[in-house]
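A.B. asks: So I've got this file, work_30.txt, and it contains compact mmCIF, C-alpha atoms:
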```
# COMPACT_ATOMS: atom_id res chain seq x y z
CA MET K 96 164.11 117.31 146.99
CA GLU K 97 164.13 119.59 143.97
CA THR K 98 164.31 123.28 144.62
CA LEU K 99 161.75 125.64 143.15
CA GLU K 100 164.54 127.39 141.25
CA ARG K 101 165.66 124.16 139.63
CA ILE K 102 162.12 123.21 138.58
CA ILE K 103 161.46 126.68 137.16
CA ALA K 104 164.74 126.53 135.28
CA GLU K 105 163.54 123.36 133.54
CA HIS K 106 160.38 125.01 132.23
CA PRO K 107 160.81 125.75 128.49
CA PHE K 108 159.81 129.38 128.98
CA PHE K 109 162.92 130.02 131.03
CA SER K 110 165.20 127.81 128.98
CA GLY K 111 168.73 129.25 128.97
CA LEU K 112 168.09 131.89 131.61
CA GLU K 113 171.12 132.52 133.81
CA SER K 114 170.86 131.27 137.37
CA TYR K 115 171.35 134.80 138.71
CA TYR K 116 168.08 135.87 137.08
CA LEU K 117 166.37 132.67 138.16
CA GLY K 118 167.35 133.55 141.69
CA LEU K 119 165.60 136.88 141.30
CA LEU K 120 162.48 135.28 139.82
CA VAL K 121 162.06 132.53 142.33
CA GLY K 122 161.18 134.97 145.10
CA CYS K 123 158.09 135.93 143.08
CA ALA K 124 157.01 132.35 142.29
CA LYS K 125 154.74 129.84 143.94
CA ASN K 126 153.28 126.46 143.10
CA VAL K 127 149.58 126.41 142.27
CA ARG K 128 147.01 123.77 141.31
CA PHE K 129 143.65 124.20 139.63
CA GLU K 130 140.95 121.59 139.42
CA ALA K 131 139.28 121.05 136.07
CA GLY K 132 136.51 123.57 135.60
CA THR K 133 138.03 126.21 137.89
CA TYR K 134 138.38 129.75 136.56
CA ILE K 135 141.95 130.94 137.03
CA PHE K 136 141.13 134.52 136.11
CA LYS K 137 138.31 136.43 134.49
CA GLU K 138 138.16 139.26 132.01
CA GLY K 139 138.38 142.68 133.64
CA GLU K 140 139.98 141.44 136.84
CA GLU K 141 143.31 142.84 137.91
CA ALA K 142 146.15 140.97 136.22
CA ASN K 143 148.87 140.41 138.74
CA GLU K 144 150.21 136.99 137.81
CA PHE K 145 151.25 134.83 134.95
CA TYR K 146 151.42 131.06 134.86
CA LEU K 147 153.95 128.52 133.67
CA ILE K 148 152.01 125.36 133.05
CA ARG K 149 153.70 122.20 134.31
CA ALA K 150 150.88 119.73 133.61
CA GLY K 151 147.28 119.90 132.46
CA LYS K 152 145.50 122.25 130.11
CA VAL K 153 143.78 125.64 130.35
CA ALA K 154 141.48 127.44 127.93
CA LEU K 155 141.18 131.12 127.09
CA GLU K 156 137.55 132.06 126.62
CA ILE K 157 135.74 135.04 125.18
CA PHE K 158 132.32 136.01 126.40
CA ALA K 159 130.15 138.18 124.18
CA PRO K 160 126.57 139.33 124.66
CA GLN K 161 123.94 137.18 122.94
CA ARG K 162 126.50 134.47 122.24
CA LYS K 163 127.72 131.39 123.98
CA PRO K 164 131.23 131.62 125.37
CA ILE K 165 133.85 130.28 122.99
CA ILE K 166 137.31 128.93 123.58
CA VAL K 167 139.77 130.74 121.32
CA SER K 168 142.99 129.13 122.49
CA THR K 169 144.30 126.44 124.80
CA ARG K 170 147.63 126.14 126.58
CA GLY K 171 149.27 123.03 127.91
CA GLU K 172 152.39 121.64 129.48
CA GLY K 173 155.45 123.77 128.86
CA GLN K 174 153.49 126.85 127.83
CA VAL K 175 152.82 130.17 129.49
CA VAL K 176 149.55 131.96 130.14
CA GLY K 177 149.07 135.67 130.64
CA TRP K 178 150.93 138.78 129.66
CA SER K 179 148.40 141.37 130.86
CA TRP K 180 150.42 141.72 134.10
CA LEU K 181 153.17 143.27 131.99
CA LEU K 182 151.33 146.22 130.48
CA PRO K 183 148.90 148.84 131.81
CA PRO K 184 146.07 148.75 132.68
CA TYR K 185 147.06 145.33 134.13
CA GLN K 186 143.67 143.77 133.51
CA TRP K 187 142.85 140.37 132.02
CA ARG K 188 141.38 140.47 128.51
CA PHE K 189 139.95 136.94 128.57
CA HIS K 190 138.60 134.36 130.93
CA CYS K 191 140.98 131.51 131.69
CA ARG K 192 139.63 128.16 132.87
CA ALA K 193 141.35 124.89 133.69
CA VAL K 194 139.92 122.24 131.36
CA GLU K 195 141.98 119.54 133.04
CA ASN K 196 143.47 119.34 136.50
CA THR K 197 146.39 121.68 136.10
CA ARG K 198 149.66 122.29 137.93
CA ALA K 199 151.55 125.51 137.33
CA PHE K 200 153.91 128.09 138.72
CA ALA K 201 152.29 131.43 139.39
CA LEU K 202 154.65 134.39 139.16
CA ASP K 203 153.62 137.54 140.93
CA GLY K 204 153.43 140.38 138.42
CA LYS K 205 153.76 143.23 140.91
CA CYS K 206 156.81 141.62 142.42
CA LEU K 207 158.33 141.07 138.96
CA ARG K 208 157.56 144.56 137.72
CA ALA K 209 159.37 145.99 140.73
CA LYS K 210 162.39 143.76 140.12
CA CYS K 211 162.43 144.60 136.41
CA GLU K 212 162.41 148.32 137.20
CA GLN K 213 165.44 147.79 139.43
CA ASN K 214 167.19 145.42 137.05
CA HIS K 215 166.60 146.21 133.39
CA ASP K 216 168.61 143.21 132.26
CA LEU K 217 166.10 140.97 133.98
CA GLY K 218 163.33 143.00 132.34
CA TYR K 219 164.92 142.51 128.93
CA GLU K 220 165.23 138.74 129.46
CA LEU K 221 161.56 138.57 130.39
CA LEU K 222 160.45 140.78 127.52
CA LYS K 223 162.37 138.69 124.98
CA ARG K 224 160.55 135.59 126.18
CA PHE K 225 157.15 137.24 126.24
CA ALA K 226 157.73 138.77 122.80
CA GLN K 227 158.21 135.23 121.48
CA VAL K 228 154.93 134.11 123.08
CA ILE K 229 153.09 137.17 121.77
CA GLU K 230 154.50 136.65 118.27
CA GLU K 231 153.31 133.03 118.25
CA GLN K 232 149.86 134.10 119.37
CA VAL K 233 149.59 136.88 116.80
CA VAL K 234 150.60 134.50 114.00
CA ALA K 235 148.08 131.92 115.23
CA ALA K 236 145.36 134.59 115.34
CA HIS K 237 146.20 135.64 111.77
CA TYR K 238 145.96 132.03 110.65
CA GLN K 239 142.57 131.75 112.34
CA LEU K 240 141.46 134.85 110.44
CA VAL K 241 142.15 133.20 107.09
CA ASP K 242 140.08 130.19 108.12
CA LEU K 243 143.06 127.92 107.71
CA HIS K 244 141.27 124.59 108.03
CA GLU K 245 138.21 125.23 105.92
CA ALA K 246 139.23 127.71 103.23
CA GLU K 247 137.64 126.46 100.03
CA ARG K 248 139.49 123.54 98.54
CA MET N 43 155.04 111.44 84.53
CA ASP N 44 153.69 111.03 81.02
CA SER N 45 152.05 107.65 81.18
CA PRO N 46 149.00 107.58 78.95
CA ALA N 47 145.59 107.37 80.53
CA ALA N 48 144.05 103.93 80.74
CA PRO N 49 141.74 103.23 77.77
CA ASP N 50 138.62 103.30 79.89
CA ALA N 51 139.61 106.32 81.97
CA LEU N 52 137.12 108.50 80.12
CA VAL N 53 134.23 106.08 80.46
CA PRO N 54 132.34 106.08 83.74
CA ARG N 55 131.28 102.80 85.27
CA ILE N 56 127.99 102.67 87.07
CA HIS N 57 128.29 102.19 90.83
CA ARG N 58 125.47 101.94 93.34
CA VAL N 59 125.28 103.72 96.65
CA GLN N 60 125.58 101.13 99.43
CA LYS N 61 125.68 103.39 102.44
CA VAL N 62 125.65 107.08 103.33
CA THR N 63 127.25 108.14 106.63
CA ARG N 64 126.76 111.61 107.99
CA GLU N 65 130.15 112.71 109.32
CA THR N 66 129.29 116.33 110.19
CA PRO N 67 126.28 118.57 109.50
CA ASP N 68 127.48 119.16 105.92
CA THR N 69 129.85 116.29 105.18
CA PHE N 70 128.93 112.74 104.22
CA THR N 71 130.75 109.55 103.33
CA LEU N 72 129.30 107.55 100.45
CA ALA N 73 130.17 103.88 100.02
CA LEU N 74 129.83 102.75 96.41
CA ALA N 75 130.04 99.32 94.82
CA PRO N 76 130.24 98.53 91.09
CA ASP N 77 126.87 97.76 89.59
CA ASP N 78 128.14 94.66 87.80
CA GLY N 79 129.78 93.37 90.98
CA VAL N 80 133.19 93.14 89.34
CA GLU N 81 135.92 95.10 91.08
CA ARG N 82 138.48 95.91 88.41
CA SER N 83 140.74 98.47 89.98
CA HIS N 84 142.33 98.71 93.40
CA PHE N 85 143.21 102.19 94.47
CA ARG N 86 146.29 103.57 96.12
CA PRO N 87 146.01 106.00 99.05
CA GLY N 88 145.78 109.54 97.72
CA GLN N 89 144.11 108.72 94.41
CA PHE N 90 140.80 110.22 93.38
CA SER N 91 137.82 109.40 91.18
CA MET N 92 135.56 111.47 89.01
CA LEU N 93 132.03 111.01 90.33
CA TRP N 94 129.24 111.75 87.90
CA VAL N 95 125.82 112.62 89.20
CA PHE N 96 123.74 112.14 86.09
CA GLY N 97 122.02 115.29 84.97
CA VAL N 98 124.00 117.45 87.38
CA GLY N 99 127.70 117.16 86.73
CA GLU N 100 131.00 115.43 87.42
CA LEU N 101 133.31 116.07 90.36
CA PRO N 102 136.82 115.00 91.39
CA ILE N 103 136.60 113.39 94.84
CA SER N 104 139.43 111.77 96.80
CA ILE N 105 138.97 108.17 97.80
CA SER N 106 138.70 108.07 101.57
CA GLY N 107 138.13 104.37 102.29
CA ASP N 108 140.33 101.47 103.20
CA PRO N 109 142.53 100.33 100.28
CA ALA N 110 142.37 96.74 101.49
CA ARG N 111 138.60 96.59 101.41
CA ASP N 112 137.68 94.96 98.13
CA GLY N 113 134.63 95.89 96.17
CA LEU N 114 133.74 99.08 98.02
CA LEU N 115 134.91 102.60 97.33
CA GLU N 116 134.33 105.35 99.89
CA TYR N 117 134.22 109.07 99.23
CA THR N 118 133.84 111.79 101.84
CA VAL N 119 132.07 114.78 100.35
CA ARG N 120 131.33 118.19 101.78
CA SER N 121 128.13 119.70 100.49
CA VAL N 122 129.13 123.16 99.30
CA GLY N 123 127.46 123.55 95.90
CA GLN N 124 124.86 122.17 93.56
CA ALA N 125 126.82 119.13 92.42
CA THR N 126 128.11 118.11 95.85
CA HIS N 127 124.64 118.70 97.30
CA ALA N 128 123.20 116.34 94.70
CA LEU N 129 125.94 113.82 95.41
CA VAL N 130 125.42 113.62 99.15
CA ASN N 131 121.67 113.36 98.69
CA ARG N 132 121.83 110.13 96.69
CA ALA N 133 119.76 107.37 98.21
CA ILE N 134 120.80 103.77 98.81
CA GLY N 135 120.79 102.00 95.46
CA ASP N 136 121.07 105.14 93.35
CA GLY N 137 123.53 105.02 90.48
CA ILE N 138 126.63 107.19 90.21
CA GLY N 139 129.12 107.17 87.36
CA VAL N 140 132.69 106.56 88.52
CA ARG N 141 135.90 107.15 86.56
CA GLY N 142 139.08 106.05 88.19
CA PRO N 143 140.89 105.53 90.47
CA LEU N 144 143.00 108.28 88.95
CA GLY N 145 146.19 110.18 89.60
CA VAL N 146 149.35 109.71 91.62
CA GLY N 147 148.85 108.84 95.27
CA TRP N 148 150.88 109.24 98.45
CA PRO N 149 154.46 107.85 98.46
CA MET N 150 153.70 104.75 100.51
CA GLU N 151 156.74 102.87 99.21
CA ALA N 152 159.09 105.69 100.13
CA ALA N 153 157.48 105.83 103.57
CA ARG N 154 158.30 102.22 104.43
CA GLY N 155 160.65 101.99 107.37
CA ARG N 156 160.19 105.66 108.18
CA ASP N 157 157.97 107.66 110.51
CA VAL N 158 154.85 108.96 108.83
CA ILE N 159 153.67 112.47 109.68
CA LEU N 160 150.21 113.37 108.43
CA VAL N 161 148.90 116.93 108.60
CA ALA N 162 145.28 117.53 107.66
CA GLY N 163 143.02 120.55 107.59
CA GLY N 164 139.24 120.20 107.37
CA ILE N 165 138.13 117.72 104.74
CA GLY N 166 141.80 117.23 103.86
CA LEU N 167 141.71 114.34 106.31
CA ALA N 168 139.69 112.31 103.80
CA PRO N 169 142.55 111.50 101.37
CA LEU N 170 144.85 110.76 104.32
CA ARG N 171 142.49 108.27 105.94
CA PRO N 172 143.58 105.46 103.55
CA VAL N 173 147.19 106.15 104.60
CA VAL N 174 146.26 105.61 108.24
CA ASN N 175 144.47 102.37 107.30
CA GLU N 176 147.47 101.20 105.31
CA VAL N 177 150.01 102.02 108.02
CA LEU N 178 147.99 100.47 110.83
CA ARG N 179 147.35 97.32 108.82
CA ASN N 180 151.07 96.91 108.03
CA ARG N 181 152.27 98.25 111.35
CA ASP N 182 155.74 96.71 111.34
CA GLU N 183 156.60 98.11 107.93
CA TYR N 184 156.44 101.73 109.09
CA GLY N 185 157.81 103.76 111.97
CA ARG N 186 155.74 106.01 114.18
CA LEU N 187 152.50 107.46 112.88
CA VAL N 188 151.76 111.05 113.85
CA LEU N 189 148.55 112.76 112.74
CA LEU N 190 147.99 116.47 113.24
CA TYR N 191 144.43 117.38 112.33
CA GLY N 192 142.70 120.75 112.47
CA ALA N 193 139.06 121.59 111.90
CA ARG N 194 137.06 124.75 112.24
CA SER N 195 135.06 123.61 115.27
CA PRO N 196 134.32 120.38 117.17
CA ARG N 197 131.20 119.78 115.09
CA ASP N 198 133.34 119.85 111.92
CA LEU N 199 135.61 116.99 112.99
CA LEU N 200 135.52 114.00 110.64
CA TYR N 201 135.74 110.33 111.63
CA ARG N 202 135.53 110.98 115.36
CA ARG N 203 135.25 107.33 116.35
CA GLU N 204 138.15 106.37 114.14
CA LEU N 205 140.28 109.16 115.57
CA ALA N 206 139.71 107.71 119.04
CA PHE N 207 140.49 104.21 117.75
CA TRP N 208 143.65 105.31 115.98
CA ALA N 209 144.85 107.10 119.11
CA ARG N 210 144.81 103.78 120.99
CA GLN N 211 147.12 102.05 118.52
CA ARG N 212 150.77 101.51 119.31
CA ASP N 213 153.40 103.95 118.06
CA THR N 214 150.67 106.33 117.05
CA GLN N 215 150.12 109.92 118.14
CA ILE N 216 146.88 111.63 117.16
CA LEU N 217 146.67 115.36 117.82
CA VAL N 218 143.45 117.20 117.08
CA THR N 219 142.68 120.89 117.24
CA VAL N 220 139.83 123.23 116.39
CA ASP N 221 139.81 126.95 115.60
CA TYR N 222 137.35 127.58 118.38
CA GLY N 223 135.41 125.44 120.81
CA GLY N 224 132.46 125.60 123.11
CA LEU N 225 132.68 125.03 126.82
CA ASN N 226 132.14 121.29 126.35
CA TRP N 227 135.23 120.94 124.20
CA HIS N 228 138.15 119.65 126.25
CA GLY N 229 140.65 119.31 123.43
CA HIS N 230 143.17 121.67 121.92
CA VAL N 231 142.13 125.03 120.45
CA GLY N 232 144.26 126.81 117.87
CA VAL N 233 145.30 126.33 114.27
CA VAL N 234 146.96 123.09 113.21
CA THR N 235 150.45 124.59 113.26
CA THR N 236 150.14 125.08 117.02
CA LEU N 237 150.08 121.28 117.40
CA PHE N 238 153.70 120.87 116.34
CA ARG N 239 154.77 121.84 119.84
CA PHE N 240 153.16 118.66 121.16
CA ALA N 241 154.18 116.29 118.36
CA ARG N 242 156.99 113.84 119.00
CA LEU N 243 158.84 114.00 115.68
CA GLN N 244 162.05 112.53 114.36
CA PRO N 245 162.46 114.71 111.28
CA ALA N 246 165.48 112.97 109.79
CA ARG N 247 163.62 109.68 109.50
CA SER N 248 160.18 110.97 108.60
CA VAL N 249 157.98 111.41 105.57
CA ALA N 250 155.27 114.07 105.80
CA MET N 251 151.99 114.03 103.89
CA VAL N 252 149.89 117.17 103.98
CA CYS N 253 146.38 117.83 102.74
CA GLY N 254 144.13 120.80 103.30
CA PRO N 255 143.44 124.24 101.93
CA GLU N 256 146.50 125.52 100.09
CA ILE N 257 146.97 128.37 102.50
CA MET N 258 147.15 125.84 105.33
CA MET N 259 149.67 123.73 103.42
CA ARG N 260 151.82 126.78 102.85
CA PHE N 261 152.11 127.43 106.58
CA VAL N 262 152.43 123.74 107.43
CA THR N 263 155.30 123.21 104.99
CA ARG N 264 157.04 126.19 106.53
CA GLU N 265 156.65 124.60 109.96
CA LEU N 266 157.75 121.16 108.76
CA GLU N 267 160.91 122.70 107.32
CA HIS N 268 161.42 124.57 110.57
CA GLN N 269 161.14 121.23 112.38
CA GLY N 270 163.95 119.88 110.19
CA LEU N 271 162.21 117.93 107.43
CA SER N 272 163.74 118.23 104.00
CA ARG N 273 161.59 119.42 101.11
CA GLN N 274 162.04 116.03 99.47
CA SER N 275 160.37 114.41 102.48
CA ILE N 276 157.25 116.58 102.32
CA HIS N 277 154.38 115.66 100.01
CA LEU N 278 151.25 117.69 99.33
CA SER N 279 147.92 116.87 97.74
CA LEU N 280 146.68 119.67 95.52
CA GLU N 281 143.24 120.32 94.21
CA ARG N 282 142.52 122.18 91.03
CA ASN N 283 139.62 122.48 88.64
CA MET N 284 139.82 118.99 87.18
CA LYS N 285 137.60 118.16 84.22
CA CYS N 286 138.92 115.40 81.99
CA ALA N 287 141.08 114.03 84.83
CA VAL N 288 143.51 112.37 82.42
CA GLY N 289 145.71 115.28 81.32
CA PHE N 290 143.97 116.20 78.07
CA CYS N 291 141.96 119.32 78.74
CA GLY N 292 144.36 121.48 80.74
CA HIS N 293 141.80 122.82 83.21
CA CYS N 294 143.94 121.75 86.16
CA GLN N 295 147.24 122.90 84.71
CA LEU N 296 149.75 124.22 87.20
CA GLY N 297 152.69 125.56 85.22
CA PRO N 298 154.08 122.56 83.33
CA LEU N 299 152.10 120.09 85.42
CA PHE N 300 148.63 118.64 85.18
CA VAL N 301 147.33 118.11 88.70
CA CYS N 302 144.98 115.31 87.59
CA ARG N 303 147.66 113.30 85.83
CA ASP N 304 150.94 114.25 87.52
CA GLY N 305 149.30 114.58 90.94
CA PRO N 306 147.23 115.24 92.90
CA VAL N 307 150.08 114.28 95.26
CA PHE N 308 153.37 116.06 94.60
CA PRO N 309 156.70 116.28 96.39
CA TYR N 310 156.92 119.76 97.86
CA GLU N 311 160.29 120.22 96.21
CA ARG N 312 158.64 119.87 92.81
CA ILE N 313 155.81 122.37 93.28
CA ARG N 314 157.17 124.85 95.79
CA SER N 315 158.04 127.54 93.27
CA LEU N 316 154.72 127.04 91.46
CA MET N 317 152.73 127.38 94.68
CA GLU N 318 154.42 130.68 95.39
CA LYS N 319 153.53 132.22 92.02
CA HIS N 320 150.58 134.56 92.46
CA GLU N 321 149.55 134.14 88.84
CA LEU N 322 148.99 130.35 89.10
```
Here is a file; write its structure as structure tokens.
C.D. replies:
Amino acid sequence: METLERIIAEHPFFSGLESYYLGLLVGCAKNVRFEAGTYIFKEGEEANEFYLIRAGKVALEIFAPQRKPIIVSTRGEGQVVGWSWLLPPYQWRFHCRAVENTRAFALDGKCLRAKCEQNHDLGYELLKRFAQVIEEQVVAAHYQLVDLHEAER
Amino acid sequence: MDSPAAPDALVPRIHRVQKVTRETPDTFTLALAPDDGVERSHFRPGQFSMLWVFGVGELPISISGDPARDGLLEYTVRSVGQATHALVNRAIGDGIGVRGPLGVGWPMEAARGRDVILVAGGIGLAPLRPVVNEVLRNRDEYGRLVLLYGARSPRDLLYRRELAFWARQRDTQILVTVDYGGLNWHGHVGVVTTLFRFARLQPARSVAMVCGPEIMMRFVTRELEHQGLSRQSIHLSLERNMKCAVGFCGHCQLGPLFVCRDGPVFPYERIRSLMEKHEL
């Protein structure tokens, strides 16, 4: 039977992370499943977890008054969802809903923040990985701003 | 390429509208057949025609139909101005002047035996549709077919039934994304470059063909290079203000090139520096 540590180590987000750090992380991790249609978190709620998606797909949604909700991004297998646990005020900025039956690892943000305060090397490893995710999302958002697919041809 | 234009390239032939298919709220596919019933010119994927709506004007439109289908030319047109509005509002049997097929198409010969990566943004899928038809018809002559297609929203997706059909074919991966979706959309959301993460590519044995807004192609070429494709293996379809469409008038000039005559499909290696010049 595969250990949780081994499975987490195989997730692309933690690719190359030393086993010592994986050992620290695994105490904050648990397996979770979400049925299609389930909300994983909602805007304004306390953000105390992030998710490594193993299978399935989730959508980030924005709700605005007088408008229908819209999906602004999706995440699938091998991707990560949620960085609001990392920064004050630790509140979700979007809704997140499973659009397919989804399996993931949930990592406890409070637990991780405490470990990162004690071990800054672990904190740096995590920040490097989240910085990559944030950079990808910022670039994608900039591309959306320039209306990449429908700019006048 | 300095080959002279065909003698009749400046003379439109009358075609009749056979069918009009509404693809999205503002985009339509017109099927045209020659009025005299004589099909004189087969097209190659990536070529375009000049379509003349009498009394309104003439427009360069990529051919979006199946190259193997004799006697019928298809054009997918987005209604964005007076001339395109007039074009998509033609009725069955109406006449349209057609010049072409014109220009240099996609490198289908160079793609034989290799994987074919297609990246399309918005209506840029139209000139790539004949490539899909060609590859699927001659399946054993090509490697894997991977299509990455982005549209603004689910309602802007072209050829939805065909996308589903293509996705069921062997050695074919169809990835579709939209900039934003409603709650009923279960597909991917994000710009087309975010699909590369899910594409199964073999860069060293692939040819990439890209069509969409130039800003999209700029970011897509960057990603293709990042994936390991050489510049020689990447081909882009450009669109400029084409008028004569045979390299006489210079309206579509891009540095030393005429897009109508030397393109519209170019190897990225050939046009990269020109695309990066702000003045052009």
A.B. asks: Would you please work out which residue, of N:Leu243, N:Arg312, N:Leu205, N:Gly192, is nearest to Tyr238 of chain K when using only C-alpha atoms?
C.D. replies: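 Residue with the minimum atom-to-atom distance to Tyr238 of chain K: N:Gly192.
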A.B. asks: Nearest to Phe129 of chain K among K:Ala201, K:Leu99, K:Val233, K:Ile166, with distances taken over only C-alpha atoms: which residue is it?
C.D. replies: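 Looking only at the distances to Phe129 of chain K, the closest residue turns out to be K:Ala201.
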A.B. asks: Between atom CA of Tyr185 of chain K and atom CA of Gly171 of chain K, what is the spacing in Å?
C.D. replies: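 Spanning atom CA of Gly171 of chain K to atom CA of Tyr185 of chain K is a straight-line distance of 23.3 Å.
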A.B. asks: When distances are computed from only C-alpha atoms, which of N:Glu151, N:Asp77, N:Asp108, N:Asp68 shows the smallest separation from Arg120 of chain N?
C.D. replies: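 Distance minimum relative to Arg120 of chain N lands on N:Asp68.
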A.B. asks: Which residues of chain N sit at most 8 Å from chain K, using all atoms listed in the file? Give each one's shortest atom pair and distance in Å (one decimal place), in chain and ascending residue order, as a tab-separated table.
C.D. replies:
```
residue	atom	partner	partner_atom	distance
N:Gly163	CA	K:His244	CA	4.4
N:Gly164	CA	K:His244	CA	4.9
N:Ile165	CA	K:Glu245	CA	7.6
N:Gly192	CA	K:His244	CA	6.0
N:Ala193	CA	K:His244	CA	5.4
N:Arg194	CA	K:His244	CA	6.0
N:Asp221	CA	K:Gln239	CA	6.4
N:Tyr222	CA	K:Val167	CA	4.9
N:Gly223	CA	K:Ile166	CA	4.8
N:Gly224	CA	K:Ile165	CA	4.9
N:Leu225	CA	K:Ile165	CA	6.6
N:His228	CA	K:Val194	CA	6.0
N:His230	CA	K:Thr169	CA	5.7
N:Val231	CA	K:Ser168	CA	4.7
N:Gly232	CA	K:Ser168	CA	5.3
N:Val233	CA	K:Ala235	CA	6.3
N:Val234	CA	K:His244	CA	7.8
N:Thr235	CA	K:Ala235	CA	8.0
N:Thr236	CA	K:Ala235	CA	7.4
N:Gly254	CA	K:His244	CA	6.7
N:Pro255	CA	K:Arg248	CA	5.3
N:Glu256	CA	K:Arg248	CA	7.4
N:Ile257	CA	K:Leu243	CA	6.5
N:Met258	CA	K:Leu243	CA	5.2
N:Glu281	CA	K:Arg248	CA	6.6
```
A.B. asks: For Trp94 of chain N, which residue out of N:Thr126, N:Thr219, N:Ser106, N:Asn180 is the nearest one, using all atoms listed in the file?
C.D. replies: N:Thr126
A.B. asks: Find the residues around Ile138 of chain N up to 10 Å (only C-alpha atoms counted), leave out those fewer than 2 positions away in its own chain, and share them as a CSV table (one decimal) with C-alpha atoms, keeping the file's coordinate frame.
C.D. replies:
```
chain,number,residue,atom,x,y,z
N,54,PRO,CA,132.3,106.1,83.7
N,55,ARG,CA,131.3,102.8,85.3
N,56,ILE,CA,128.0,102.7,87.1
N,57,HIS,CA,128.3,102.2,90.8
N,58,ARG,CA,125.5,101.9,93.3
N,59,VAL,CA,125.3,103.7,96.6
N,74,LEU,CA,129.8,102.8,96.4
N,75,ALA,CA,130.0,99.3,94.8
N,76,PRO,CA,130.2,98.5,91.1
N,77,ASP,CA,126.9,97.8,89.6
N,92,MET,CA,135.6,111.5,89.0
N,93,LEU,CA,132.0,111.0,90.3
N,94,TRP,CA,129.2,111.8,87.9
N,95,VAL,CA,125.8,112.6,89.2
N,96,PHE,CA,123.7,112.1,86.1
N,100,GLU,CA,131.0,115.4,87.4
N,129,LEU,CA,125.9,113.8,95.4
N,132,ARG,CA,121.8,110.1,96.7
N,135,GLY,CA,120.8,102.0,95.5
N,136,ASP,CA,121.1,105.1,93.4
N,140,VAL,CA,132.7,106.6,88.5
N,141,ARG,CA,135.9,107.2,86.6
```
A.B. asks: Skip Pro184 of chain K itself and residues of its chain fewer than 5 positions away, then list as a list of chain:residue names all residues within 10 Å of it, counting all atoms listed in the file.
C.D. replies: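 The residues satisfying every condition are K:Gly139, K:Glu141, K:Ala142, K:Ser179.
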A.B. asks: May I ask for the distance between atom CA of Phe200 of chain K and atom CA of Cys123 of chain K, given in Å to one decimal place?
C.D. replies: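 Atom CA of Cys123 of chain K lies 9.9 Å from atom CA of Phe200 of chain K.
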A.B. asks: Would you pick out the contacts of Glu113 of chain K at 12 Å or less, using all atoms listed in the file, so that residues sharing its chain but fewer than 5 positions from it are not included, and give the list as a PyMOL selection string?
C.D. replies: chain K and resi 100-101+103-105+118-120+216-217+220-221
A.B. asks: Mind pulling up the distance from atom CA of Val122 of chain N to atom CA of Thr69 of chain N?
C.D. replies: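 Computed distance, atom CA of Thr69 of chain N to atom CA of Val122 of chain N, equals 9.1 Å.
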A.B. asks: Which residue gives the smallest distance to Met259 of chain N among N:Val177, N:Val288, N:Ala162, N:Leu271, with only C-alpha atoms counted?
C.D. replies: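 The answer is N:Ala162, which sits nearest to Met259 of chain N.
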A.B. asks: Tell me, as a list of chain:residue names, which residues lie within 7 Å of Leu190 of chain N, counting only C-alpha atoms; anything in the same chain fewer than 6 positions away does not count.
C.D. replies: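 In the requested format, the answer is N:Leu160, N:Val161, N:Ala162, N:Ile216, N:Leu217, N:Val218, N:Val234, N:Leu237.
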A.B. asks: Excluding Leu316 of chain N and residues on its chain fewer than 3 positions from it, collect all residues at most 7 Å away from it, counting all atoms listed in the file, and give them as an MDAnalysis selection string.
C.D. replies: chainID N and resid 297 313 319
